[in-house]
Amino acid sequence: YCICIFVSKGNPMKKIQSFFQKANAIIKEYNCHREEQFMNGELFNVFNITGVSANECQLHSALIAELLNPKGSHGCGSQFLEKFLQILKLDDFGFNSDKIRICTEKLVRDGRIDIEISDKNRAIIIEVKIYADDMDCQLSRYYNYAKREYGKNFKLLYLTLMGNQASEKSLGNKNSGITHNDYICLSFADDILEWIDRCITIAENKSLVKNILASYKQTLMELTGQDMDIKFRNRLLQLMTDKENAESVAEMMNLSEKWFSTVVE
C-alpha cells in the first residue's frame, strides 16, 4: 500500500490535535448515547440474544406472516394487513378478510414459498431474502404456480434488505421465465420499517405486542445499516475524509508508519 505525505503550511501537530478533539467529541457523544441506551434497557433485544436476527424463516417470515394474519395472536385483527396493503398501494386488491389464510414455508410443486396470503380466490406471495442467494428460476417458478392457482388475481413480492431486483438466475430463461415487470420489489429498509412503525402505533395499548415490534424494528435498522452505531461510525469516517482533515490524517498515518518501523526494528 502507499502512504501519501503532505507538507503542512502551518503547524501539523496543531491540526492533528484539532482533528483528535473533533473525533473525541463524536466518540464521547456515542459513549453517552450507548450508556443511555443501556440504562433504558434498549440494548436488550431477544432476536439478537437468540441469534436469529438474520434468519429468514425462523424470524422474518414467521413474524411478518403472524402480523399479517387477521386471526394472529397479536389481537389487532386485520389492521396490520390493511396497513401493509396501503404501503403496497393495494388497498383495492379485494381480499375477503374473513377467509384469509396465511402460510409460511408452503411446499408446492414449484418449490417452497416463504409467505402466501390467500382467500382462495386471490393471493399475495412473498419471497424473503436476507443474505441467501437466489435459486435457479425461483421467482419464475413461484409466478407460474400462482398463475395456475389464481389466474391473474395475485401479486408476487420480492422482499430484500434494500429493495434489490431479483437476479436473472431467479427470473429464468426467455422461454419459461418472467421479467422484472412481473413482480414487486419490497425493502426492509423502507417499506417494512414504515409498516412496522404503523403497526407500533396500532398496538399502542398492547404493551407486549408493541415491545416485540420495537425490538424487531431495532433488528431491521441494524440489518439495514440505519442504527445509531452505524450513524456514529459514518460521522467519524466523514470527519476523516473531510478535505480540511486530509492532511492531518496523512500526517498521522506517516507517524504511525514510522513508529511501527521503529518497533519492528
# chains A, B, ... in the order shown; residues from 1 in each chain; ligands from 1

$ residues_around --residues "segment 99-114 of chain A" --least-positions-apart "6" --cutoff "7 Å" --atoms "only C-alpha atoms" --output "PyMOL selection string"
chain A and resi 61-62+65+69+126-128+141-142+145

$ write_last_selection --atoms "C-alpha atoms" --output "short mmCIF file (atom, residue, chain, number, x, y, z; two decimals), in the first residue's frame"
data_model
loop_
_atom_site.label_atom_id
_atom_site.label_comp_id
_atom_site.auth_asym_id
_atom_site.auth_seq_id
_atom_site.Cartn_x
_atom_site.Cartn_y
_atom_site.Cartn_z
CA SER A 61 -41.10 -14.91 7.50
CA ALA A 62 -42.68 -16.22 10.70
CA ALA A 65 -46.83 -13.77 8.49
CA ASN A 69 -52.80 -12.77 9.86
CA ILE A 126 -43.75 -13.09 -0.73
CA GLU A 127 -40.20 -14.30 -1.29
CA VAL A 128 -38.00 -13.16 1.62
CA ARG A 141 -41.44 -20.98 -10.60
CA TYR A 142 -43.46 -19.14 -7.93
CA TYR A 145 -47.51 -21.60 -9.56
#

$ select_by_dssp --residues "segment 97-168 of chain A" --states "strand (DSSP E or B)" --output "VMD selection string"
chain A and resid 101 to 108 111 to 118 123 to 128 154 to 160

$ write_last_selection --atoms "N, CA and C atoms" --output "compact mmCIF listing (two decimals), in the first residue's frame"
# COMPACT_ATOMS: atom_id res chain seq x y z
N ARG A 101 -56.10 -16.89 4.63
CA ARG A 101 -55.22 -17.88 5.24
C ARG A 101 -53.78 -17.45 4.99
N ILE A 102 -52.95 -17.60 6.00
CA ILE A 102 -51.54 -17.25 5.89
C ILE A 102 -50.71 -18.53 6.03
N CYS A 103 -49.87 -18.78 5.05
CA CYS A 103 -49.00 -19.96 5.10
C CYS A 103 -47.54 -19.51 5.03
N THR A 104 -46.69 -20.18 5.78
CA THR A 104 -45.25 -19.96 5.67
C THR A 104 -44.58 -21.27 5.27
N GLU A 105 -43.49 -21.13 4.53
CA GLU A 105 -42.75 -22.31 4.07
C GLU A 105 -43.69 -23.31 3.40
N LYS A 106 -44.58 -22.78 2.55
CA LYS A 106 -45.56 -23.64 1.88
C LYS A 106 -44.88 -24.46 0.78
N LEU A 107 -44.97 -25.78 0.92
CA LEU A 107 -44.35 -26.67 -0.04
C LEU A 107 -45.29 -26.91 -1.21
N VAL A 108 -44.88 -26.49 -2.40
CA VAL A 108 -45.66 -26.69 -3.62
C VAL A 108 -44.78 -27.40 -4.65
N GLY A 111 -41.63 -25.49 -5.54
CA GLY A 111 -40.64 -25.10 -4.54
C GLY A 111 -41.27 -24.87 -3.18
N ARG A 112 -40.65 -24.03 -2.38
CA ARG A 112 -41.15 -23.74 -1.03
C ARG A 112 -41.35 -22.23 -0.91
N ILE A 113 -42.59 -21.82 -0.77
CA ILE A 113 -42.94 -20.40 -0.74
C ILE A 113 -42.82 -19.86 0.69
N ASP A 114 -42.11 -18.74 0.85
CA ASP A 114 -41.87 -18.18 2.18
C ASP A 114 -43.18 -17.76 2.86
N ILE A 115 -43.95 -16.92 2.20
CA ILE A 115 -45.23 -16.46 2.76
C ILE A 115 -46.28 -16.41 1.65
N GLU A 116 -47.44 -16.99 1.93
CA GLU A 116 -48.56 -16.87 1.00
C GLU A 116 -49.78 -16.37 1.77
N ILE A 117 -50.36 -15.27 1.30
CA ILE A 117 -51.58 -14.71 1.86
C ILE A 117 -52.67 -14.95 0.83
N SER A 118 -53.70 -15.70 1.17
CA SER A 118 -54.73 -16.00 0.17
C SER A 118 -56.12 -16.09 0.80
N ALA A 123 -54.26 -14.04 -4.18
CA ALA A 123 -53.15 -14.27 -3.26
C ALA A 123 -52.04 -13.24 -3.43
N ILE A 124 -51.29 -13.05 -2.35
CA ILE A 124 -50.04 -12.32 -2.37
C ILE A 124 -48.96 -13.30 -1.92
N ILE A 125 -47.96 -13.46 -2.75
CA ILE A 125 -46.87 -14.40 -2.46
C ILE A 125 -45.59 -13.59 -2.23
N ILE A 126 -44.92 -13.86 -1.11
CA ILE A 126 -43.75 -13.09 -0.73
C ILE A 126 -42.52 -13.99 -0.65
N GLU A 127 -41.49 -13.63 -1.40
CA GLU A 127 -40.20 -14.30 -1.29
C GLU A 127 -39.29 -13.40 -0.45
N VAL A 128 -38.80 -13.93 0.67
CA VAL A 128 -38.00 -13.16 1.62
C VAL A 128 -36.52 -13.50 1.45
N PHE A 154 -53.25 -12.29 -8.44
CA PHE A 154 -52.17 -12.47 -7.47
C PHE A 154 -51.10 -11.40 -7.67
N LYS A 155 -50.30 -11.21 -6.64
CA LYS A 155 -49.13 -10.34 -6.69
C LYS A 155 -47.94 -11.12 -6.13
N LEU A 156 -46.82 -11.00 -6.80
CA LEU A 156 -45.59 -11.65 -6.36
C LEU A 156 -44.64 -10.58 -5.84
N LEU A 157 -44.22 -10.71 -4.58
CA LEU A 157 -43.35 -9.72 -3.95
C LEU A 157 -41.97 -10.31 -3.71
N TYR A 158 -40.95 -9.50 -3.95
CA TYR A 158 -39.56 -9.91 -3.72
C TYR A 158 -39.00 -8.98 -2.66
N LEU A 159 -38.91 -9.49 -1.43
CA LEU A 159 -38.53 -8.68 -0.28
C LEU A 159 -37.07 -8.89 0.10
N THR A 160 -36.27 -7.82 -0.01
CA THR A 160 -34.85 -7.87 0.34
C THR A 160 -34.52 -6.73 1.29

$ closest_atom_pairs --of "segment 97-194 of chain A" --to "segment 223-245 of chain A" --cutoff "8 Å" --atoms "only C-alpha atoms" --output "CSV"
residue,atom,partner,partner_atom,distance
A:Leu161,CA,A:Thr224,CA,6.2
A:Met162,CA,A:Thr224,CA,7.1
A:Phe188,CA,A:Thr224,CA,7.4
A:Ala189,CA,A:Thr224,CA,5.6

$ write_last_selection --atoms "N, CA and C atoms" --output "compact mmCIF listing (two decimals), in the first residue's frame"
# COMPACT_ATOMS: atom_id res chain seq x y z
N LEU A 161 -33.31 -6.73 1.82
CA LEU A 161 -32.92 -5.68 2.76
C LEU A 161 -33.07 -4.29 2.17
N MET A 162 -32.55 -4.09 0.94
CA MET A 162 -32.53 -2.76 0.35
C MET A 162 -33.44 -2.61 -0.87
N PHE A 188 -36.82 -4.10 3.30
CA PHE A 188 -36.90 -3.99 4.76
C PHE A 188 -36.53 -2.58 5.18
N ALA A 189 -35.56 -1.97 4.47
CA ALA A 189 -35.03 -0.66 4.85
C ALA A 189 -36.08 0.44 4.83

$ select_by_dssp --residues "segment 98-149 of chain A" --states "helix (DSSP H, G or I)" --output "list in words"
Asp98, Lys99, Gln138, Leu139, Ser140, Arg141, Tyr142, Tyr143, Asn144, Tyr145, Ala146, Lys147, Arg148 and Glu149 of chain A

$ atom_distance --atom1 "atom CA of Ile196 of chain A" --atom2 "atom CA of Leu171 of chain A"
29.1 Å

$ atom_distance --atom1 "atom CA of Thr219 of chain A" --atom2 "atom CA of Val52 of chain A"
9.9 Å

$ residues_around --residues "segment 81-89 of chain A" --least-positions-apart "6" --cutoff "10 Å" --atoms "only C-alpha atoms" --output "compact mmCIF listing (two decimals) with C-alpha atoms, in the first residue's frame"
# COMPACT_ATOMS: atom_id res chain seq x y z
CA ILE A 64 -44.32 -10.99 9.23
CA ALA A 65 -46.83 -13.77 8.49
CA GLU A 66 -48.18 -13.66 12.04
CA LEU A 67 -48.62 -9.89 11.89
CA LEU A 68 -50.40 -10.14 8.54
CA ASN A 69 -52.80 -12.77 9.86
CA PRO A 70 -56.15 -11.18 10.86
CA PHE A 95 -59.16 -9.70 -0.17
CA SER A 97 -60.58 -10.78 5.25
CA ILE A 117 -51.58 -14.71 1.86
CA LEU A 157 -43.35 -9.72 -3.95
CA ILE A 184 -42.87 -6.07 -6.99
CA CYS A 185 -39.63 -5.16 -5.20
CA LEU A 186 -40.03 -4.53 -1.49
CA ASP A 191 -41.28 -0.48 3.21
CA ILE A 192 -41.17 -2.94 6.12
CA GLU A 194 -42.55 2.04 7.62
CA TRP A 195 -45.09 -0.74 8.07
CA ILE A 196 -43.65 -1.73 11.47
CA ARG A 198 -47.54 1.94 11.66
CA CYS A 199 -48.07 -1.37 13.46
CA ILE A 202 -51.84 0.48 16.15
